[in-house]
Amino acid sequence: MLHGFAGKILHVNLTTGQITVEEPSEEFYRTYWGGSAMGTYYLLKNTPPGADPLGPENTLSIMLSATTGVAISGQSRATATAKSPLSGLIGDSQAGGFWPAELKFAGLDGLVFTGKSPRPVYLWVHNGEAGNPPVAELRDASHLWSKITGEAERIIKQELGDEKIQVAQIGPGGEKLVRFAAIMNMSNRAHGRTGMGAVMGSKNLKAIAVRGHNRINVADKEAVTQLARLASTRLPDYPDMKGLQDLGTASVLNYQNSVGGLPTRNYTSGVFEQAENLSGERMADTILKENDTCYACAVRCKRVVETEYKGAQVEPFYGGPEYETLGTFGSYCGIGDMSAVALANQMCDQYGVDTITCGATIAFAMECFEKGVLTTQDTGGIELHFGNADAMLAMLGKIVRREGLGDLLANGSALAAKKIGRGAEDLVVAVKNQELPAHMPQVKRSLALVYAVNPFGADHQSSEHDPGYTAEASPISLERMAQIGLTAPQPDRVLNREKAKLALYTEWNYSFMDSADLCQFVYGPSWQLMGPVEMVELMRAVTGWEMTIADMQRIGERRLNLLRLFNAREGVGRERDTLPRRLFDEPLKGGPSDGVSIARDEFEAALNDYYELAGWDKATGMPTKSKLEELGLGWAA
Ligand code: SF4
């Protein structure tokens, strides 16, 4: 008997409308665990190489894990996986909230969508009462098409007659196939990265409404209760976690600026003179209304803000900006007005687009404008200068509606630059077409490797960052690093073989978390509430299966290889494992990181070390046949 898992995966063929339930074997769950490992398995099985990401051959999965819905902090997350319309490679994106737990309560471990519906539809999944099997039906969504998220959510709950229904959906951005469109739940939690909302839009799937009544059947209830209590009691004593609770993810903004690591004006500087205006402290003193949370999480790191910008209301319903959003719409664009950034955040939530790629793409367009690559003729009269908040908001409106220059920018900066020409490609700050997040590889050097090699492009939540592995890191962080094989801490700005180890071993750990759908604020190998030991204890307590830290790392390694394998099948390897030219050739300007850039030879040497440690072919950067067989992935080689 399975514990934790529901034992059922729903398959929906949107072309035919056929819905089936698969009951995978225990072996399947033990191998892939959940999240994007499971999603990529279905993608590799169903979608042929070379398929159009926005065509019916793409496979979109949303997967949970054994722990989803268990009454403990940091577990209510889901992973969306498909071929990405932004990169043409593997797409992978996590979101929290209450929707993931609700799907598990309805009796499912995940959803797999294939084909394309002939008309807009939404999926309604429920199970009536505890113990009942899930029931699913496709319903007409013509009346929801073109509605913003808050409106569509309200209508769905009203027509199904239950306020407790949870809704995951696309906004008009996904319908218009903005290549960085998000899948939203609660209208303010986003599967933001890699364009999973555009894939959903291409399938004419507007929403997934869920309501469940089961509770999770765990193997050792007492052990789970003890771990849940441990997480709550530790909270006041873990300074980074307390900061997260008090100030949200924006708690790090002032710190980033103080070390020269706050990307400013399209990544040309690491310091922003108006950083204080965007900080978590300033938010708490001004526009913060309350904290919000994900199902059963004691941390409550989500911000809810209320403000207005030049007469436009920013409503609490749409939550509030995270650190990344404050960075991309703020310092990246040279804008120090928190209300303007909060309005941009709300527009992204309403239209369903990724705040990181959207803000970073506008910053790219601003630099094009400053350098005369774009003019008011291109922008439709918008003076797209750095620091112009009205212009930023106007361009955002054009992007989400695909109007004028916005139609081009809706493809992300890398694809837009190819069309713009005139040197625009030199100003792109993206890897595998995905814009860099607000953690700078110049000052946290292992991120140079991680951003370059990550199969779905630059990502800040795929590994532990350098400060957790310095001589000055906390004893608990160094103890946890040692548990996963990292025993020689290094300075932040060094990139060497030990940093390649930091990148890879913590990627495996984060990769496990993306398989188990764990929140990387609550769990992790450094400053988080629960380290590798507690993660393994939780998995044992929920599933009843034996697990060691080495087993956990191996599951993470398997997922990473699966993702990489998808790219290899598309013919992509080492040549795309690189950084934007700017990071090598243009030293940062001003502040503590003035003059800092990444040396190409240092980067290439660390890349070779990384491939060697990963068991991948150095010349191609692809997993070797023997590595795949060792991981039980011989079927996919
Ligand atoms: S720490 Fe924040 S993001 Fe993570 S589960 Fe808790 S409330 Fe959600």
# chains A, B, ... in the order shown; residues from 1 in each chain; ligands from 1

call {"tool": "select_by_dssp", "arguments": {"residues": "stretch 342-458 of chain A", "states": "alpha helix (DSSP H)", "output": "JSON, numbers by chain"}}
result
{"A": [342, 343, 344, 345, 346, 347, 348, 349, 350, 351, 355, 356, 357, 358, 359, 360, 361, 362, 363, 364, 365, 366, 367, 368, 369, 370, 376, 377, 378, 379, 389, 390, 391, 392, 393, 394, 395, 396, 397, 398, 399, 400, 401, 405, 406, 407, 408, 409, 412, 413, 414, 415, 416, 417, 418, 419, 420, 446, 447, 448, 449, 450, 451, 452, 453]}

call {"tool": "closest_atom_pairs", "arguments": {"of": "chain A", "to": "ligand 1", "cutoff": "9 Å", "atoms": "only C-alpha atoms and all ligand atoms", "output": "Markdown table"}}
result
| residue | atom | partner | partner_atom_place_in_ligand_line | distance |
| --- | --- | --- | --- | --- |
| A:Ser73 | CA | ligand 1 | 5 (S) | 6.0 |
| A:Gly74 | CA | ligand 1 | 5 (S) | 3.7 |
| A:Gln75 | CA | ligand 1 | 5 (S) | 6.2 |
| A:Ser76 | CA | ligand 1 | 5 (S) | 6.4 |
| A:Arg77 | CA | ligand 1 | 5 (S) | 7.4 |
| A:Ala95 | CA | ligand 1 | 3 (S) | 8.3 |
| A:Gly96 | CA | ligand 1 | 8 (Fe) | 5.7 |
| A:Gly97 | CA | ligand 1 | 8 (Fe) | 6.3 |
| A:Met241 | CA | ligand 1 | 1 (S) | 8.3 |
| A:Leu244 | CA | ligand 1 | 1 (S) | 7.7 |
| A:Gln245 | CA | ligand 1 | 1 (S) | 7.9 |
| A:Gly248 | CA | ligand 1 | 2 (Fe) | 8.0 |
| A:Thr249 | CA | ligand 1 | 2 (Fe) | 8.6 |
| A:Asn291 | CA | ligand 1 | 7 (S) | 8.9 |
| A:Asp292 | CA | ligand 1 | 7 (S) | 6.8 |
| A:Thr293 | CA | ligand 1 | 7 (S) | 3.9 |
| A:Cys294 | CA | ligand 1 | 8 (Fe) | 4.2 |
| A:Tyr295 | CA | ligand 1 | 5 (S) | 7.2 |
| A:Ala296 | CA | ligand 1 | 5 (S) | 7.9 |
| A:Cys297 | CA | ligand 1 | 6 (Fe) | 4.6 |
| A:Ala298 | CA | ligand 1 | 6 (Fe) | 6.5 |
| A:Val299 | CA | ligand 1 | 6 (Fe) | 4.9 |
| A:Arg300 | CA | ligand 1 | 7 (S) | 4.2 |
| A:Cys301 | CA | ligand 1 | 2 (Fe) | 4.1 |
| A:Lys302 | CA | ligand 1 | 7 (S) | 5.7 |
| A:Leu518 | CA | ligand 1 | 5 (S) | 7.8 |
| A:Cys519 | CA | ligand 1 | 4 (Fe) | 4.7 |
| A:Gln520 | CA | ligand 1 | 4 (Fe) | 6.8 |
| A:Phe521 | CA | ligand 1 | 1 (S) | 5.1 |
| A:Val522 | CA | ligand 1 | 1 (S) | 5.5 |
| A:Tyr523 | CA | ligand 1 | 4 (Fe) | 8.9 |

call {"tool": "write_last_selection", "arguments": {"atoms": "N, CA, C and O atoms", "output": "compact mmCIF listing (two decimals), in the first residue's frame"}}
result
# COMPACT_ATOMS: atom_id res chain seq x y z
N SER A 73 5.04 22.42 7.30
CA SER A 73 5.45 23.59 6.51
C SER A 73 6.15 23.19 5.22
O SER A 73 6.87 22.19 5.17
N GLY A 74 5.93 24.00 4.18
CA GLY A 74 6.75 23.92 2.97
C GLY A 74 6.51 22.76 2.05
O GLY A 74 7.42 22.34 1.33
N GLN A 75 5.30 22.19 2.02
CA GLN A 75 5.06 21.04 1.14
C GLN A 75 4.03 21.28 0.04
O GLN A 75 3.93 20.48 -0.88
N SER A 76 3.23 22.36 0.13
CA SER A 76 2.15 22.49 -0.86
C SER A 76 2.66 23.17 -2.12
O SER A 76 2.45 24.36 -2.35
N ARG A 77 3.38 22.39 -2.91
CA ARG A 77 3.92 22.91 -4.16
C ARG A 77 3.66 21.92 -5.29
O ARG A 77 3.49 20.72 -5.04
N ALA A 95 5.27 26.14 -8.27
CA ALA A 95 4.46 27.16 -7.59
C ALA A 95 3.90 26.56 -6.31
O ALA A 95 3.67 25.36 -6.21
N GLY A 96 3.68 27.44 -5.32
CA GLY A 96 3.09 27.01 -4.05
C GLY A 96 1.63 27.42 -3.98
O GLY A 96 0.96 27.55 -5.00
N GLY A 97 1.15 27.65 -2.75
CA GLY A 97 -0.23 28.07 -2.54
C GLY A 97 -1.05 26.98 -1.89
O GLY A 97 -0.53 26.14 -1.14
N MET A 241 15.34 32.72 8.26
CA MET A 241 13.93 32.35 8.20
C MET A 241 13.06 33.39 8.88
O MET A 241 11.97 33.70 8.43
N LEU A 244 12.67 36.17 6.58
CA LEU A 244 11.69 35.81 5.54
C LEU A 244 10.27 35.99 6.06
O LEU A 244 9.39 36.50 5.36
N GLN A 245 10.07 35.59 7.31
CA GLN A 245 8.74 35.74 7.89
C GLN A 245 8.39 37.22 8.09
O GLN A 245 7.29 37.67 7.78
N GLY A 248 9.47 39.03 4.19
CA GLY A 248 9.30 38.34 2.90
C GLY A 248 10.63 38.18 2.18
O GLY A 248 11.71 38.45 2.74
N THR A 249 10.57 37.75 0.93
CA THR A 249 11.82 37.54 0.17
C THR A 249 12.56 38.87 -0.03
O THR A 249 13.77 38.89 -0.24
N ASN A 291 0.57 39.39 5.96
CA ASN A 291 1.34 38.26 5.43
C ASN A 291 0.36 37.19 4.95
O ASN A 291 -0.73 37.07 5.47
N ASP A 292 0.81 36.39 4.00
CA ASP A 292 -0.01 35.27 3.54
C ASP A 292 0.88 34.02 3.53
O ASP A 292 2.10 34.10 3.76
N THR A 293 0.27 32.88 3.28
CA THR A 293 1.03 31.63 3.39
C THR A 293 0.59 30.61 2.35
O THR A 293 -0.31 30.87 1.57
N CYS A 294 1.27 29.48 2.33
CA CYS A 294 0.84 28.32 1.55
C CYS A 294 0.20 27.33 2.54
O CYS A 294 0.42 27.44 3.75
N TYR A 295 -0.50 26.32 2.04
CA TYR A 295 -1.20 25.39 2.92
C TYR A 295 -0.27 24.85 4.02
O TYR A 295 0.80 24.32 3.73
N ALA A 296 -0.69 25.03 5.25
CA ALA A 296 -0.03 24.45 6.44
C ALA A 296 1.37 24.99 6.72
O ALA A 296 2.11 24.38 7.50
N CYS A 297 1.76 26.10 6.11
CA CYS A 297 3.13 26.59 6.34
C CYS A 297 3.16 27.65 7.43
O CYS A 297 2.45 28.66 7.35
N ALA A 298 4.04 27.44 8.41
CA ALA A 298 4.15 28.36 9.55
C ALA A 298 4.97 29.60 9.21
O ALA A 298 4.96 30.58 9.95
N VAL A 299 5.68 29.58 8.09
CA VAL A 299 6.60 30.69 7.79
C VAL A 299 5.85 31.95 7.35
O VAL A 299 6.19 33.06 7.73
N ARG A 300 4.82 31.79 6.55
CA ARG A 300 3.99 32.92 6.08
C ARG A 300 4.86 33.99 5.42
O ARG A 300 4.84 35.16 5.80
N CYS A 301 5.61 33.61 4.41
CA CYS A 301 6.54 34.56 3.78
C CYS A 301 5.89 35.43 2.71
O CYS A 301 6.49 36.37 2.22
N LYS A 302 4.66 35.11 2.30
CA LYS A 302 4.05 35.84 1.19
C LYS A 302 3.57 37.22 1.66
O LYS A 302 3.01 37.36 2.75
N LEU A 518 9.20 20.26 -2.60
CA LEU A 518 9.39 20.90 -1.30
C LEU A 518 9.78 22.37 -1.50
O LEU A 518 10.50 22.70 -2.45
N CYS A 519 9.34 23.22 -0.59
CA CYS A 519 9.69 24.63 -0.67
C CYS A 519 11.15 24.82 -0.26
O CYS A 519 11.56 24.38 0.82
N GLN A 520 11.91 25.51 -1.10
CA GLN A 520 13.34 25.67 -0.86
C GLN A 520 13.66 26.80 0.12
O GLN A 520 14.83 27.15 0.28
N PHE A 521 12.63 27.33 0.77
CA PHE A 521 12.87 28.23 1.90
C PHE A 521 12.81 27.42 3.21
O PHE A 521 13.47 27.75 4.18
N VAL A 522 11.99 26.40 3.21
CA VAL A 522 11.81 25.62 4.44
C VAL A 522 12.84 24.48 4.51
O VAL A 522 13.34 24.15 5.59
N TYR A 523 13.15 23.90 3.36
CA TYR A 523 14.08 22.76 3.30
C TYR A 523 15.32 23.15 2.49
O TYR A 523 15.23 23.97 1.58

call {"tool": "atom_distance", "arguments": {"atom1": "atom CA of A:Ser474", "atom2": "atom CA of A:Ala503"}}
result
18.9 Å

call {"tool": "select_by_dssp", "arguments": {"residues": "stretch 232-293 of chain A", "states": "strand (DSSP E or B)", "output": "list of chain:residue names"}}
result
A:Thr264, A:Ser269, A:Leu288, A:Lys289, A:Glu290, A:Asn291, A:Asp292

call {"tool": "residues_around", "arguments": {"residues": "A:Ser87", "least_positions_apart": "2", "cutoff": "8 Å", "atoms": "only C-alpha atoms", "output": "MDAnalysis selection string"}}
result
chainID A and resid 84:85 89:91 194 432:434 456:457

call {"tool": "write_last_selection", "arguments": {"atoms": "N, CA, C and O atoms", "output": "PDB file, in the first residue's frame"}}
result
ATOM      1  N   SER A  84       9.582  24.007 -23.447  1.00  0.00           N
ATOM      2  CA  SER A  84       9.401  25.445 -23.230  1.00  0.00           C
ATOM      3  C   SER A  84       9.315  26.225 -24.539  1.00  0.00           C
ATOM      4  O   SER A  84      10.203  26.104 -25.388  1.00  0.00           O
ATOM      5  N   PRO A  85       8.302  27.087 -24.679  1.00  0.00           N
ATOM      6  CA  PRO A  85       8.239  27.937 -25.873  1.00  0.00           C
ATOM      7  C   PRO A  85       9.243  29.087 -25.829  1.00  0.00           C
ATOM      8  O   PRO A  85       9.475  29.741 -26.837  1.00  0.00           O
ATOM      9  N   LEU A  89      13.592  24.133 -25.229  1.00  0.00           N
ATOM     10  CA  LEU A  89      14.213  23.032 -24.473  1.00  0.00           C
ATOM     11  C   LEU A  89      13.263  22.623 -23.344  1.00  0.00           C
ATOM     12  O   LEU A  89      12.093  22.960 -23.369  1.00  0.00           O
ATOM     13  N   ILE A  90      13.801  21.924 -22.351  1.00  0.00           N
ATOM     14  CA  ILE A  90      12.934  21.503 -21.251  1.00  0.00           C
ATOM     15  C   ILE A  90      12.392  22.731 -20.501  1.00  0.00           C
ATOM     16  O   ILE A  90      13.107  23.701 -20.263  1.00  0.00           O
ATOM     17  N   GLY A  91      11.126  22.683 -20.141  1.00  0.00           N
ATOM     18  CA  GLY A  91      10.520  23.739 -19.323  1.00  0.00           C
ATOM     19  C   GLY A  91      10.116  23.156 -17.984  1.00  0.00           C
ATOM     20  O   GLY A  91       9.652  22.009 -17.911  1.00  0.00           O
ATOM     21  N   THR A 194       9.785  29.762 -17.691  1.00  0.00           N
ATOM     22  CA  THR A 194       9.849  28.870 -18.866  1.00  0.00           C
ATOM     23  C   THR A 194       8.561  28.771 -19.695  1.00  0.00           C
ATOM     24  O   THR A 194       8.447  27.912 -20.565  1.00  0.00           O
ATOM     25  N   LYS A 432      20.015  30.343 -22.476  1.00  0.00           N
ATOM     26  CA  LYS A 432      18.997  29.481 -23.119  1.00  0.00           C
ATOM     27  C   LYS A 432      17.691  30.257 -23.259  1.00  0.00           C
ATOM     28  O   LYS A 432      16.599  29.728 -23.007  1.00  0.00           O
ATOM     29  N   ASN A 433      17.825  31.531 -23.605  1.00  0.00           N
ATOM     30  CA  ASN A 433      16.697  32.457 -23.827  1.00  0.00           C
ATOM     31  C   ASN A 433      15.973  32.866 -22.543  1.00  0.00           C
ATOM     32  O   ASN A 433      14.973  33.567 -22.621  1.00  0.00           O
ATOM     33  N   GLN A 434      16.416  32.413 -21.407  1.00  0.00           N
ATOM     34  CA  GLN A 434      15.736  32.788 -20.159  1.00  0.00           C
ATOM     35  C   GLN A 434      16.555  33.841 -19.409  1.00  0.00           C
ATOM     36  O   GLN A 434      17.737  33.642 -19.114  1.00  0.00           O
ATOM     37  N   PHE A 456      16.990  24.291 -17.927  1.00  0.00           N
ATOM     38  CA  PHE A 456      15.912  25.181 -18.379  1.00  0.00           C
ATOM     39  C   PHE A 456      16.299  26.657 -18.290  1.00  0.00           C
ATOM     40  O   PHE A 456      15.458  27.542 -18.205  1.00  0.00           O
ATOM     41  N   GLY A 457      17.597  26.932 -18.365  1.00  0.00           N
ATOM     42  CA  GLY A 457      18.056  28.321 -18.401  1.00  0.00           C
ATOM     43  C   GLY A 457      18.357  28.868 -17.016  1.00  0.00           C
ATOM     44  O   GLY A 457      18.221  28.168 -16.011  1.00  0.00           O
TER      45      GLY A 457
END

call {"tool": "closest_residue", "arguments": {"among": "A:Asn217, A:Gln274, A:Ser339, A:Ser258", "to": "A:Ser593", "atoms": "only C-alpha atoms"}}
result
A:Ser258

call {"tool": "atom_distance", "arguments": {"atom1": "atom CA of A:Leu288", "atom2": "atom CA of A:Tyr267"}}
result
27.9 Å

call {"tool": "closest_residue", "arguments": {"among": "A:Lys164, A:Arg154, A:Arg179, A:Lys501", "to": "A:Lys83", "atoms": "only C-alpha atoms"}}
result
A:Arg179

call {"tool": "residues_around", "arguments": {"residues": "A:Met547", "least_positions_apart": "5", "cutoff": "7 Å", "atoms": "only C-alpha atoms", "output": "number ranges by chain"}}
result
A: 536, 540, 552

call {"tool": "atom_distance", "arguments": {"atom1": "atom CA of A:Ala51", "atom2": "atom CA of A:Thr16"}}
result
19.5 Å

call {"tool": "closest_residue", "arguments": {"among": "A:Ala190, A:Val572, A:Val429, A:Leu504", "to": "A:Gly88", "atoms": "only C-alpha atoms"}}
result
A:Val572

call {"tool": "residues_around", "arguments": {"residues": "stretch 382-397 of chain A", "least_positions_apart": "4", "cutoff": "10 Å", "atoms": "only C-alpha atoms", "output": "PyMOL selection string"}}
result
chain A and resi 264-266+309-310+329-337+339-341+343-344+347-348+351+358-359+361-371+374-378+401-406+409-410

call {"tool": "closest_residue", "arguments": {"among": "A:Thr307, A:Ser36, A:Thr31, A:Gln350", "to": "A:Thr149", "atoms": "only C-alpha atoms"}}
result
A:Gln350

call {"tool": "residues_around", "arguments": {"residues": "A:Ser269", "least_positions_apart": "4", "cutoff": "8 Å", "atoms": "only C-alpha atoms", "output": "ChimeraX atom specification"}}
result
/A:260,262-265,588-590,593-594

call {"tool": "write_last_selection", "arguments": {"atoms": "C-alpha atoms", "output": "PDB file, in the first residue's frame"}}
result
ATOM      1  CA  GLY A 260      27.188  44.911  -4.952  1.00  0.00           C
ATOM      2  CA  LEU A 262      21.598  43.908  -6.863  1.00  0.00           C
ATOM      3  CA  PRO A 263      21.296  43.860 -10.673  1.00  0.00           C
ATOM      4  CA  THR A 264      20.814  47.422 -11.846  1.00  0.00           C
ATOM      5  CA  ARG A 265      20.098  48.959 -15.267  1.00  0.00           C
ATOM      6  CA  LEU A 588      30.299  45.995 -13.258  1.00  0.00           C
ATOM      7  CA  LYS A 589      30.165  49.693 -12.470  1.00  0.00           C
ATOM      8  CA  GLY A 590      30.127  51.212  -8.978  1.00  0.00           C
ATOM      9  CA  SER A 593      31.481  45.033  -7.137  1.00  0.00           C
ATOM     10  CA  ASP A 594      32.961  47.852  -9.227  1.00  0.00           C
TER      11      ASP A 594
END

call {"tool": "closest_residue", "arguments": {"among": "A:Ser477, A:Ser25, A:Ser93, A:Thr225", "to": "A:Ala182", "atoms": "only C-alpha atoms"}}
result
A:Ser93

call {"tool": "closest_residue", "arguments": {"among": "A:Gly261, A:Gly615, A:Gly7, A:Gly280", "to": "A:Met440", "atoms": "only C-alpha atoms"}}
result
A:Gly261

call {"tool": "residues_around", "arguments": {"residues": "A:Arg564", "least_positions_apart": "5", "cutoff": "9 Å", "atoms": "only C-alpha atoms", "output": "list in words"}}
result
Ile90, Asn454, Pro455, Phe456, Arg559, Arg569, Val572, Gly573, Met622 and Pro623 of chain A

call {"tool": "write_last_selection", "arguments": {"atoms": "N, CA, C and O atoms", "output": "PDB file, in the first residue's frame"}}
result
ATOM      1  N   ILE A  90      13.801  21.924 -22.351  1.00  0.00           N
ATOM      2  CA  ILE A  90      12.934  21.503 -21.251  1.00  0.00           C
ATOM      3  C   ILE A  90      12.392  22.731 -20.501  1.00  0.00           C
ATOM      4  O   ILE A  90      13.107  23.701 -20.263  1.00  0.00           O
ATOM      5  N   ASN A 454      22.207  24.930 -16.154  1.00  0.00           N
ATOM      6  CA  ASN A 454      20.851  24.499 -15.807  1.00  0.00           C
ATOM      7  C   ASN A 454      20.042  24.204 -17.083  1.00  0.00           C
ATOM      8  O   ASN A 454      19.994  25.021 -17.992  1.00  0.00           O
ATOM      9  N   PRO A 455      19.405  23.031 -17.143  1.00  0.00           N
ATOM     10  CA  PRO A 455      18.758  22.633 -18.395  1.00  0.00           C
ATOM     11  C   PRO A 455      17.654  23.583 -18.855  1.00  0.00           C
ATOM     12  O   PRO A 455      17.370  23.664 -20.041  1.00  0.00           O
ATOM     13  N   PHE A 456      16.990  24.291 -17.927  1.00  0.00           N
ATOM     14  CA  PHE A 456      15.912  25.181 -18.379  1.00  0.00           C
ATOM     15  C   PHE A 456      16.299  26.657 -18.290  1.00  0.00           C
ATOM     16  O   PHE A 456      15.458  27.542 -18.205  1.00  0.00           O
ATOM     17  N   ARG A 559      16.764  13.189 -11.697  1.00  0.00           N
ATOM     18  CA  ARG A 559      15.936  14.232 -12.331  1.00  0.00           C
ATOM     19  C   ARG A 559      16.776  15.152 -13.214  1.00  0.00           C
ATOM     20  O   ARG A 559      16.407  15.465 -14.343  1.00  0.00           O
ATOM     21  N   ARG A 569      18.277  15.301 -26.575  1.00  0.00           N
ATOM     22  CA  ARG A 569      17.420  14.783 -27.649  1.00  0.00           C
ATOM     23  C   ARG A 569      17.088  15.867 -28.677  1.00  0.00           C
ATOM     24  O   ARG A 569      16.813  15.585 -29.834  1.00  0.00           O
ATOM     25  N   VAL A 572      20.945  19.713 -28.093  1.00  0.00           N
ATOM     26  CA  VAL A 572      21.542  20.851 -27.394  1.00  0.00           C
ATOM     27  C   VAL A 572      22.375  20.374 -26.204  1.00  0.00           C
ATOM     28  O   VAL A 572      21.905  19.590 -25.376  1.00  0.00           O
ATOM     29  N   GLY A 573      23.604  20.843 -26.129  1.00  0.00           N
ATOM     30  CA  GLY A 573      24.500  20.473 -25.035  1.00  0.00           C
ATOM     31  C   GLY A 573      25.405  21.625 -24.665  1.00  0.00           C
ATOM     32  O   GLY A 573      24.945  22.758 -24.465  1.00  0.00           O
ATOM     33  N   MET A 622      26.794  16.274 -22.653  1.00  0.00           N
ATOM     34  CA  MET A 622      25.600  15.423 -22.581  1.00  0.00           C
ATOM     35  C   MET A 622      25.842  14.239 -21.642  1.00  0.00           C
ATOM     36  O   MET A 622      26.975  13.762 -21.523  1.00  0.00           O
ATOM     37  N   PRO A 623      24.798  13.734 -20.996  1.00  0.00           N
ATOM     38  CA  PRO A 623      24.966  12.560 -20.132  1.00  0.00           C
ATOM     39  C   PRO A 623      25.468  11.380 -20.941  1.00  0.00           C
ATOM     40  O   PRO A 623      25.001  11.162 -22.070  1.00  0.00           O
TER      41      PRO A 623
END

call {"tool": "decode", "arguments": {"residues": "stretch 472-486 of chain A", "atoms": "N, CA and C atoms", "output": "compact mmCIF listing (two decimals), in the first residue's frame"}}
result
# COMPACT_ATOMS: atom_id res chain seq x y z
N GLU A 472 32.84 31.87 6.70
CA GLU A 472 32.04 32.69 7.62
C GLU A 472 30.60 32.19 7.75
N ALA A 473 30.23 31.18 6.99
CA ALA A 473 28.84 30.68 7.05
C ALA A 473 28.55 30.13 8.44
N SER A 474 27.28 30.01 8.79
CA SER A 474 26.91 29.53 10.13
C SER A 474 27.33 28.07 10.31
N PRO A 475 27.61 27.66 11.55
CA PRO A 475 27.98 26.26 11.79
C PRO A 475 26.93 25.28 11.28
N ILE A 476 25.66 25.64 11.41
CA ILE A 476 24.61 24.71 10.94
C ILE A 476 24.67 24.56 9.43
N SER A 477 24.96 25.65 8.73
CA SER A 477 25.06 25.58 7.27
C SER A 477 26.23 24.68 6.86
N LEU A 478 27.38 24.88 7.51
CA LEU A 478 28.56 24.07 7.15
C LEU A 478 28.36 22.60 7.51
N GLU A 479 27.64 22.35 8.60
CA GLU A 479 27.35 20.97 8.99
C GLU A 479 26.48 20.30 7.92
N ARG A 480 25.49 21.03 7.45
CA ARG A 480 24.58 20.46 6.44
C ARG A 480 25.30 20.26 5.09
N MET A 481 26.16 21.22 4.76
CA MET A 481 26.93 21.07 3.52
C MET A 481 27.78 19.79 3.59
N ALA A 482 28.38 19.57 4.77
CA ALA A 482 29.21 18.37 4.95
C ALA A 482 28.38 17.11 4.76
N GLN A 483 27.11 17.16 5.15
CA GLN A 483 26.24 15.98 5.01
C GLN A 483 26.04 15.58 3.55
N ILE A 484 26.20 16.55 2.64
CA ILE A 484 26.07 16.18 1.21
C ILE A 484 27.42 16.20 0.50
N GLY A 485 28.52 16.14 1.28
CA GLY A 485 29.84 15.93 0.69
C GLY A 485 30.63 17.20 0.42
N LEU A 486 30.25 18.31 1.03
CA LEU A 486 30.96 19.57 0.80
C LEU A 486 31.66 20.00 2.08
